[in-house]
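For reference, upload_10.cif (mmCIF, C-alpha atoms):
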```
data_query
loop_
_atom_site.label_atom_id
_atom_site.label_comp_id
_atom_site.auth_asym_id
_atom_site.auth_seq_id
_atom_site.Cartn_x
_atom_site.Cartn_y
_atom_site.Cartn_z
CA MET A 50 -29.26 -10.23 -52.51
CA SER A 51 -28.97 -11.33 -48.90
CA THR A 52 -27.43 -14.63 -47.91
CA PRO A 53 -29.80 -16.96 -46.08
CA GLN A 54 -28.88 -17.27 -42.38
CA PRO A 55 -29.00 -20.62 -40.63
CA ASP A 56 -31.52 -21.17 -37.90
CA VAL A 57 -30.07 -20.41 -34.47
CA PRO A 58 -31.58 -22.01 -31.38
CA HIS A 59 -32.98 -19.61 -28.85
CA GLU A 60 -32.35 -19.60 -25.15
CA GLY A 61 -34.24 -17.37 -22.75
CA PRO A 62 -35.76 -13.94 -23.24
CA ASP A 63 -33.83 -10.72 -23.52
CA SER A 64 -34.52 -7.55 -21.53
CA SER A 65 -37.58 -6.85 -23.68
CA GLY A 66 -39.07 -10.32 -23.20
CA ASN A 67 -38.16 -11.52 -26.71
CA PRO A 68 -36.38 -14.83 -27.32
CA MET A 69 -32.59 -14.47 -27.25
CA PRO A 70 -30.22 -16.53 -29.44
CA GLU A 71 -28.04 -18.97 -27.55
CA ALA A 72 -24.85 -17.18 -28.60
CA ALA A 73 -26.22 -13.83 -27.46
CA ALA A 74 -27.36 -15.32 -24.16
CA LEU A 75 -23.92 -16.78 -23.62
CA GLY A 76 -22.34 -13.42 -24.40
CA GLU A 77 -24.64 -11.66 -21.97
CA ARG A 78 -23.78 -14.13 -19.20
CA ARG A 79 -20.09 -13.58 -19.82
CA ALA A 80 -20.58 -9.82 -19.79
CA ARG A 81 -22.41 -10.00 -16.46
CA LYS A 82 -19.69 -12.21 -15.03
CA SER A 83 -17.01 -9.83 -16.30
CA GLN A 84 -18.90 -6.86 -14.87
CA LYS A 85 -19.02 -8.49 -11.43
CA ALA A 86 -15.35 -9.35 -11.58
CA SER A 87 -14.38 -5.84 -12.64
CA ARG A 88 -16.47 -4.34 -9.88
CA ALA A 89 -14.71 -6.43 -7.26
CA GLY A 90 -11.45 -5.67 -9.00
CA ARG A 91 -9.49 -8.52 -7.43
CA ASN A 92 -9.43 -12.27 -6.94
CA LEU A 93 -11.02 -12.18 -3.49
CA PRO A 94 -9.89 -15.61 -2.14
CA ALA A 95 -6.32 -15.03 -3.28
CA ALA A 96 -6.36 -11.48 -1.93
CA ILE A 97 -7.58 -12.66 1.49
CA ALA A 98 -5.02 -15.47 1.67
CA VAL A 99 -2.09 -13.24 0.71
CA GLY A 100 -3.27 -10.43 2.99
CA LEU A 101 -3.60 -12.70 6.02
CA THR A 102 -0.20 -14.28 5.33
CA LEU A 103 1.50 -10.89 5.14
CA LEU A 104 -0.24 -9.66 8.30
CA ALA A 105 0.70 -12.82 10.20
CA ALA A 106 4.35 -12.47 9.15
CA LEU A 107 4.44 -8.81 10.23
CA LEU A 108 2.84 -9.46 13.62
CA ALA A 109 5.09 -12.47 14.21
CA GLY A 110 8.10 -10.29 13.58
CA LEU A 111 6.82 -7.58 15.89
CA PHE A 112 6.00 -9.85 18.82
CA LEU A 113 8.66 -12.57 18.44
CA TRP A 114 11.76 -11.34 16.58
CA PRO A 115 11.92 -7.61 15.78
CA MET A 116 14.86 -8.06 13.41
CA GLY A 117 12.62 -10.30 11.34
CA PHE A 118 10.21 -7.38 10.99
CA VAL A 119 13.13 -5.24 9.80
CA LEU A 120 14.00 -7.83 7.16
CA ILE A 121 10.38 -7.89 5.96
CA ALA A 122 10.30 -4.09 5.77
CA VAL A 123 13.59 -3.94 3.84
CA SER A 124 12.43 -6.68 1.46
CA ALA A 125 9.18 -4.81 0.82
CA ALA A 126 11.12 -1.58 0.18
CA LEU A 127 13.43 -3.35 -2.28
CA LEU A 128 10.52 -4.89 -4.19
CA GLY A 129 8.65 -1.60 -4.23
CA VAL A 130 11.68 0.30 -5.53
CA TRP A 131 12.23 -2.33 -8.25
CA GLU A 132 8.60 -2.12 -9.38
CA VAL A 133 8.68 1.67 -9.62
CA PHE A 134 12.05 1.56 -11.38
CA ARG A 135 10.67 -0.81 -14.03
CA ALA A 136 7.57 1.37 -14.47
CA PHE A 137 9.70 4.50 -14.94
CA GLU A 138 12.01 2.71 -17.38
CA ALA A 139 9.02 1.53 -19.45
CA HIS A 140 7.80 5.13 -19.52
CA GLY A 141 11.16 6.37 -20.79
CA THR A 142 12.56 7.83 -17.56
CA ARG A 143 15.99 6.53 -16.54
CA VAL A 144 16.56 6.47 -12.80
CA PRO A 145 19.76 5.37 -11.01
CA ILE A 146 18.67 2.05 -9.57
CA VAL A 147 21.88 1.22 -7.64
CA PRO A 148 21.84 4.14 -5.14
CA ILE A 149 18.06 3.84 -4.78
CA MET A 150 18.28 0.13 -3.93
CA ALA A 151 21.04 0.97 -1.47
CA ALA A 152 18.74 3.57 0.09
CA ALA A 153 15.98 0.95 0.40
CA VAL A 154 18.30 -0.95 2.73
CA ALA A 155 20.15 1.89 4.45
CA ILE A 156 17.28 4.16 5.46
CA PRO A 157 15.07 1.56 7.22
CA VAL A 158 18.07 -0.10 8.90
CA THR A 159 19.43 3.22 10.18
CA ALA A 160 15.96 4.14 11.46
CA TYR A 161 15.86 0.86 13.41
CA PHE A 162 19.34 1.11 14.93
CA GLY A 163 19.88 4.87 15.07
CA GLY A 164 16.49 6.55 15.29
CA GLN A 165 15.12 9.56 13.44
CA GLU A 166 18.36 11.54 13.22
CA ALA A 167 20.15 8.59 11.62
CA GLN A 168 17.18 8.11 9.26
CA LEU A 169 17.41 11.74 8.11
CA PHE A 170 21.18 11.49 7.64
CA ALA A 171 20.72 8.35 5.52
CA LEU A 172 18.08 10.20 3.48
CA LEU A 173 20.43 13.09 2.71
CA ALA A 174 23.27 10.72 1.85
CA SER A 175 20.98 8.71 -0.44
CA CYS A 176 19.74 11.80 -2.30
CA ALA A 177 23.35 12.95 -2.79
CA ALA A 178 24.27 9.50 -4.09
CA VAL A 179 21.39 9.64 -6.58
CA LEU A 180 22.59 13.02 -7.84
CA VAL A 181 26.22 11.94 -8.26
CA TRP A 182 25.41 8.53 -9.76
CA GLN A 183 22.95 9.87 -12.30
CA SER A 184 25.28 12.69 -13.33
CA LEU A 185 28.16 10.28 -13.96
CA GLU A 186 26.18 7.43 -15.53
CA HIS A 187 23.66 9.31 -17.70
CA PRO A 188 24.60 13.00 -18.01
CA ASP A 189 22.03 13.44 -20.79
CA GLY A 190 18.66 13.98 -19.16
CA ALA A 191 20.24 13.86 -15.70
CA THR A 192 17.85 16.43 -14.24
CA ARG A 193 14.77 14.32 -14.96
CA GLY A 194 16.46 11.17 -13.66
CA VAL A 195 17.64 12.87 -10.47
CA PHE A 196 14.19 14.24 -9.67
CA ALA A 197 12.61 10.84 -10.32
CA GLY A 198 15.25 9.09 -8.22
CA VAL A 199 14.87 11.45 -5.27
CA PHE A 200 11.10 11.06 -5.53
CA VAL A 201 11.41 7.26 -5.26
CA VAL A 202 13.78 7.55 -2.26
CA LEU A 203 11.37 9.88 -0.45
CA TRP A 204 8.29 7.87 -1.36
CA ILE A 205 9.43 4.36 -0.43
CA PRO A 206 12.58 3.93 1.74
CA PHE A 207 12.15 7.13 3.74
CA LEU A 208 8.46 6.66 4.54
CA ILE A 209 8.85 2.96 5.28
CA GLY A 210 11.54 3.90 7.78
CA TYR A 211 8.79 5.29 10.03
CA ALA A 212 7.63 1.71 10.56
CA LEU A 213 10.99 0.99 12.21
CA LEU A 214 11.24 4.08 14.43
CA PRO A 215 8.80 2.71 17.07
CA LEU A 216 11.03 -0.34 17.45
CA HIS A 217 14.07 1.87 18.03
CA ALA A 218 12.09 3.79 20.65
CA ALA A 219 11.64 0.60 22.70
CA THR A 220 13.47 0.43 26.02
CA PRO A 221 15.86 -1.29 25.76
CA PRO A 222 16.19 -1.38 21.96
CA PRO A 223 15.94 -4.95 20.66
CA GLY A 224 19.04 -4.89 18.45
CA PHE A 225 19.50 -8.23 16.70
CA GLY A 226 17.83 -10.34 19.36
CA LEU A 227 14.43 -10.95 20.90
CA TRP A 228 12.48 -8.76 23.28
CA GLN A 229 14.20 -8.99 26.63
CA GLY A 230 12.11 -10.62 29.35
CA GLY A 231 9.43 -11.52 26.82
CA ALA A 232 7.65 -8.17 27.33
CA VAL A 233 6.55 -6.27 24.24
CA PRO A 234 7.18 -2.50 24.64
CA PRO A 235 4.29 -0.03 24.30
CA SER A 236 5.79 1.52 21.15
CA THR A 237 5.67 -1.88 19.47
CA LEU A 238 2.03 -2.30 20.45
CA GLN A 239 1.37 1.10 18.90
CA LEU A 240 2.91 -0.10 15.65
CA ALA A 241 0.77 -3.26 15.79
CA VAL A 242 -2.39 -1.15 16.18
CA THR A 243 -1.22 1.02 13.26
CA LEU A 244 -0.85 -2.01 10.99
CA LEU A 245 -4.25 -3.36 12.07
CA LEU A 246 -5.79 0.00 11.20
CA VAL A 247 -4.24 -0.10 7.72
CA VAL A 248 -5.68 -3.59 7.21
CA ALA A 249 -9.09 -2.46 8.51
CA ASN A 250 -9.04 0.56 6.19
CA ASP A 251 -8.30 -1.56 3.12
CA THR A 252 -10.54 -4.49 4.03
CA PHE A 253 -13.71 -2.64 5.03
CA GLY A 254 -13.25 -0.13 2.22
CA TYR A 255 -12.95 -2.96 -0.30
CA ILE A 256 -15.97 -4.86 1.00
CA VAL A 257 -18.29 -1.86 1.19
CA GLY A 258 -16.98 -0.27 -2.00
CA ALA A 259 -17.30 -3.46 -4.05
CA SER A 260 -20.87 -4.12 -2.90
CA LEU A 261 -22.35 -0.65 -2.47
CA GLY A 262 -20.00 1.78 -4.22
CA LYS A 263 -21.84 4.08 -6.63
CA HIS A 264 -20.26 7.51 -6.17
CA PRO A 265 -16.60 7.72 -7.30
CA MET A 266 -14.31 9.68 -5.02
CA ALA A 267 -11.75 10.60 -7.68
CA PRO A 268 -12.95 9.19 -11.03
CA LYS A 269 -10.04 10.60 -13.03
CA ILE A 270 -7.45 9.07 -10.69
CA SER A 271 -9.03 5.92 -9.23
CA PRO A 272 -12.45 5.14 -10.75
CA LYS A 273 -13.12 2.19 -8.41
CA LYS A 274 -12.59 4.14 -5.18
CA SER A 275 -15.97 5.36 -3.98
CA TRP A 276 -17.33 7.49 -1.16
CA GLU A 277 -19.25 4.45 0.08
CA GLY A 278 -15.98 2.55 0.34
CA PHE A 279 -14.41 5.49 2.16
CA ALA A 280 -17.30 5.42 4.67
CA GLY A 281 -16.74 1.68 5.13
CA SER A 282 -13.04 2.29 5.76
CA ALA A 283 -13.85 4.94 8.35
CA ALA A 284 -16.40 2.78 10.17
CA GLY A 285 -14.15 -0.28 10.27
CA ALA A 286 -11.10 1.72 11.33
CA LEU A 287 -13.05 3.43 14.13
CA VAL A 288 -14.03 0.05 15.59
CA ILE A 289 -10.49 -1.33 15.36
CA GLY A 290 -8.95 1.92 16.62
CA VAL A 291 -11.14 2.16 19.71
CA LEU A 292 -10.70 -1.52 20.57
CA GLY A 293 -6.94 -1.33 19.99
CA ALA A 294 -6.52 1.79 22.11
CA VAL A 295 -8.50 0.37 25.02
CA LEU A 296 -7.47 -3.29 24.97
CA LEU A 297 -3.89 -3.18 23.66
CA LEU A 298 -2.61 0.26 24.59
CA GLY A 299 -4.59 1.01 27.75
CA ARG A 300 -5.40 4.47 26.40
CA PRO A 301 -8.75 6.36 26.33
CA TRP A 302 -11.17 5.35 23.60
CA TRP A 303 -10.98 8.74 21.94
CA VAL A 304 -7.26 8.25 21.27
CA GLY A 305 -8.20 5.28 19.10
CA ALA A 306 -10.90 7.33 17.38
CA VAL A 307 -8.48 10.17 16.58
CA LEU A 308 -5.91 7.70 15.33
CA ALA A 309 -8.50 5.95 13.15
CA VAL A 310 -9.66 9.19 11.52
CA VAL A 311 -6.08 10.29 10.78
CA MET A 312 -5.13 6.85 9.49
CA VAL A 313 -8.09 6.61 7.12
CA GLY A 314 -7.27 10.02 5.67
CA ALA A 315 -3.56 9.21 5.30
CA ALA A 316 -4.13 5.71 3.89
CA THR A 317 -6.66 7.03 1.36
CA ALA A 318 -4.22 9.75 0.32
CA GLY A 319 -1.51 7.13 -0.13
CA ASP A 320 -3.79 4.98 -2.24
CA LEU A 321 -4.80 7.90 -4.45
CA ALA A 322 -1.16 9.03 -4.75
CA GLU A 323 -0.10 5.63 -6.07
CA SER A 324 -3.10 5.55 -8.41
CA MET A 325 -2.09 8.94 -9.75
CA VAL A 326 1.46 7.70 -10.41
CA LYS A 327 0.15 4.58 -12.17
CA ARG A 328 -2.24 6.61 -14.29
CA GLU A 329 0.59 8.96 -15.25
CA LEU A 330 2.73 5.96 -16.24
CA GLY A 331 -0.20 4.26 -18.04
CA ILE A 332 -0.27 1.03 -16.01
CA LYS A 333 -2.94 -0.76 -13.97
CA ASP A 334 -0.74 -2.50 -11.37
CA MET A 335 2.92 -2.06 -10.57
CA SER A 336 3.39 -5.82 -11.05
CA SER A 337 1.62 -9.13 -10.43
CA ILE A 338 3.92 -10.49 -7.73
CA LEU A 339 1.12 -10.77 -5.12
CA PRO A 340 -1.89 -12.83 -6.30
CA GLY A 341 -5.12 -10.91 -5.86
CA HIS A 342 -3.28 -7.71 -4.96
CA GLY A 343 -1.08 -6.76 -7.89
CA GLY A 344 2.39 -5.54 -6.99
CA MET A 345 4.10 -4.82 -3.71
CA MET A 346 3.45 -1.10 -4.17
CA ASP A 347 -0.26 -1.85 -4.44
CA ARG A 348 -0.02 -3.09 -0.83
CA LEU A 349 2.47 -0.51 0.42
CA ASP A 350 0.57 2.56 -0.82
CA SER A 351 -1.62 2.87 2.29
CA ILE A 352 1.17 1.89 4.69
CA LEU A 353 3.64 4.44 3.34
CA PHE A 354 1.37 7.37 4.19
CA GLY A 355 -0.34 5.78 7.19
CA VAL A 356 2.71 4.85 9.27
CA PRO A 357 4.23 8.37 9.41
CA ALA A 358 0.78 9.79 10.24
CA ALA A 359 0.36 7.34 13.12
CA TYR A 360 3.90 8.10 14.33
CA LEU A 361 3.01 11.81 14.44
CA VAL A 362 -0.27 11.17 16.30
CA PHE A 363 1.40 9.02 18.95
CA SER A 364 4.14 11.62 19.36
CA LEU A 365 1.61 14.42 19.86
CA LEU A 366 -0.52 12.35 22.26
CA GLN A 367 2.44 11.07 24.26
CA GLY A 368 1.64 10.89 27.94
CA ILE A 369 -2.15 10.74 27.47
#
```

What is this structure when it is put down as structure tokens?
Amino acid sequence: MSTPQPDVPHEGPDSSGNPMPEAAALGERRARKSQKASRAGRNLPAAIAVGLTLLAALLAGLFLWPMGFVLIAVSAALLGVWEVFRAFEAHGTRVPIVPIMAAAVAIPVTAYFGGQEAQLFALLASCAAVLVWQSLEHPDGATRGVFAGVFVVLWIPFLIGYALLPLHAATPPPGFGLWQGGAVPPSTLQLAVTLLLVVANDTFGYIVGASLGKHPMAPKISPKKSWEGFAGSAAGALVIGVLGAVLLLGRPWWVGAVLAVVMVGAATAGDLAESMVKRELGIKDMSSILPGHGGMMDRLDSILFGVPAAYLVFSLLQGI
């Protein structure tokens, strides 16, 4: 014997044209709202505000006080290392955090003051410190911890050091002070164009991918990254690259086009690499420290691969 059901007011038709109960209509509206939010993936106003603030701080450091840019880079490396350390720990992998945090300071600073040779020396010293520290602190499972620790050192401090090498290449090097004579060296302008290209890659890829994305690029790694978003990244980066090469660097337009193509490929690879690590660790974001963005590593992923790629392009095209 069935229990009589109370009358439920109806509100609006469903997809078949039949009246829909108010509760069902409310649920459908919430589902549509959730679907839109999940497609965008982020809190757009917060993401824009945080992104512009970070970009303004980076450019201010580059053009006004280079040592301030170094401090921002080191702070980002420290936060990134801490996020990855916590993710590994939650996954059951113990990594020696002390030598890795030391590397997050030492490698970028040595790249700024000593150049590429000093950066490589700091890398070797940091990897050796990880090996010794892990062997003494946690001899059980040391092999896994050492490999994970060296991976973190190579992924974050070493790659972020390439953002400081162009500042060391300036003549004369800035040291602790301001740019002498108020003139910004060409190598610093190259770094500024590189950062603008990373922003263009992320911004145009997000806008186009969120509105038009239908064909996933790597559904098993990053379901929200689409080929449409990749095309948007390429188009936006090409515009910024050509304008930056001509107006800021005084170089031929095709230099900016080459740089844009390389940067989009490298930044996308960096994004997918971080997504692969997060999927392996079973997490969505490294943290929630940046509103609308997730963690620091969710912002560094494109930069970590893009900056070394741009450094290589500028080195190969030197004199053109």

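Nearest-residue note for Val147 in chain A: choosing from A:Gly355, A:Gly100, A:Gly198, A:Gly164, the minimum distance belongs to A:Gly198, counting all atoms listed in the file.
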
Practice problem: Find, counting only C-alpha atoms, the residue in A:Ala280, A:Ala219, A:Ala197, A:Ile205 that gets nearest to Gly141 in chain A. | Solution: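 The closest residue to Gly141 in chain A is A:Ala197.
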
Practice problem: Would you mind telling me which residue in A:Ile270, A:Val307, A:Leu213, A:Val248 lies nearest to Lys333 in chain A when using all atoms listed in the file? | Solution: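 For Lys333 in chain A, the nearest of the candidates is A:Ile270.
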
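Around range 143-146 of chain A, within 9 Å and counting all atoms listed in the file, the residues found are Val130, Trp131, Phe134, Phe137, Glu138, Ala151, Val179, Leu180, Trp182, Gln183, Glu186, His187, Gly190, Ala191, Arg193, Gly194, Val195, Phe196, Ala197 and Gly198 of chain A, once anything fewer than 5 positions away on its own chain is removed.
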
Quiz item: Distance CA of Gly314 in chain A-CA of Gln168 in chain A, one decimal place?
Solution: 24.8 Å

Practice problem: Run through the PyMOL selection byres ((chain A and resi 277) around 9) on the given coordinates and return the selected residues as a PyMOL selection string. | Solution: chain A and resi 254+257-258+261-266+274-276+278-282

Selection dump of the PyMOL selection byres ((chain A and resi 237-243) around 7), as a tab-separated table (two decimals) with C-alpha atoms, in the coordinates of the input:
```
chain	number	residue	atom	x	y	z
A	108	LEU	CA	2.84	-9.46	13.62
A	111	LEU	CA	6.82	-7.58	15.89
A	215	PRO	CA	8.80	2.71	17.07
A	216	LEU	CA	11.03	-0.34	17.45
A	233	VAL	CA	6.55	-6.27	24.24
A	234	PRO	CA	7.18	-2.50	24.64
A	235	PRO	CA	4.29	-0.03	24.30
A	236	SER	CA	5.79	1.52	21.15
A	244	LEU	CA	-0.85	-2.01	10.99
A	245	LEU	CA	-4.25	-3.36	12.07
A	246	LEU	CA	-5.79	0.00	11.20
A	247	VAL	CA	-4.24	-0.10	7.72
A	293	GLY	CA	-6.94	-1.33	19.99
A	297	LEU	CA	-3.89	-3.18	23.66
A	298	LEU	CA	-2.61	0.26	24.59
A	356	VAL	CA	2.71	4.85	9.27
A	359	ALA	CA	0.36	7.34	13.12
```

Practice problem: Might you pull out every residue within 12 Å of Ile352 in chain A, with only C-alpha atoms counted and same-chain residues fewer than 4 positions away left off, and present them as a ChimeraX atom specification? | Solution: /A:122,125-126,204-206,208-212,240,243-251,312-320,323,345-348,356-360

Any chance you can output those residues with C-alpha atoms as a short mmCIF file (atom, residue, chain, number, x, y, z; two decimals), in the coordinates of the input?
```
data_model
loop_
_atom_site.label_atom_id
_atom_site.label_comp_id
_atom_site.auth_asym_id
_atom_site.auth_seq_id
_atom_site.Cartn_x
_atom_site.Cartn_y
_atom_site.Cartn_z
CA ALA A 122 10.30 -4.09 5.77
CA ALA A 125 9.18 -4.81 0.82
CA ALA A 126 11.12 -1.58 0.18
CA TRP A 204 8.29 7.87 -1.36
CA ILE A 205 9.43 4.36 -0.43
CA PRO A 206 12.58 3.93 1.74
CA LEU A 208 8.46 6.66 4.54
CA ILE A 209 8.85 2.96 5.28
CA GLY A 210 11.54 3.90 7.78
CA TYR A 211 8.79 5.29 10.03
CA ALA A 212 7.63 1.71 10.56
CA LEU A 240 2.91 -0.10 15.65
CA THR A 243 -1.22 1.02 13.26
CA LEU A 244 -0.85 -2.01 10.99
CA LEU A 245 -4.25 -3.36 12.07
CA LEU A 246 -5.79 0.00 11.20
CA VAL A 247 -4.24 -0.10 7.72
CA VAL A 248 -5.68 -3.59 7.21
CA ALA A 249 -9.09 -2.46 8.51
CA ASN A 250 -9.04 0.56 6.19
CA ASP A 251 -8.30 -1.56 3.12
CA MET A 312 -5.13 6.85 9.49
CA VAL A 313 -8.09 6.61 7.12
CA GLY A 314 -7.27 10.02 5.67
CA ALA A 315 -3.56 9.21 5.30
CA ALA A 316 -4.13 5.71 3.89
CA THR A 317 -6.66 7.03 1.36
CA ALA A 318 -4.22 9.75 0.32
CA GLY A 319 -1.51 7.13 -0.13
CA ASP A 320 -3.79 4.98 -2.24
CA GLU A 323 -0.10 5.63 -6.07
CA MET A 345 4.10 -4.82 -3.71
CA MET A 346 3.45 -1.10 -4.17
CA ASP A 347 -0.26 -1.85 -4.44
CA ARG A 348 -0.02 -3.09 -0.83
CA VAL A 356 2.71 4.85 9.27
CA PRO A 357 4.23 8.37 9.41
CA ALA A 358 0.78 9.79 10.24
CA ALA A 359 0.36 7.34 13.12
CA TYR A 360 3.90 8.10 14.33
#
```

Quiz item: Which residue gives the smallest distance to Leu214 in chain A among A:Ala284, A:Leu361, A:Ala174, A:Val202, with all atoms listed in the file counted?
Solution: A:Leu361

Exercise. Work out how far CA of Val326 in chain A is from CA of Pro157 in chain A, in Å to one decimal.
Key: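 Separation of CA of Pro157 in chain A and CA of Val326 in chain A: 23.1 Å.
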
Quiz item: Which is closer to Gln367 in chain A than all the others in A:Val304, A:Ala98, A:Met116, A:Val311, using all atoms listed in the file?
Solution: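 The answer is A:Val304, which sits nearest to Gln367 in chain A.
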
Quiz item: Given the choices A:Val362, A:Ser336, A:Ser124, A:Thr252, which gets closest to Ala306 in chain A if the distance is worked out from all atoms listed in the file?
Solution: A:Val362
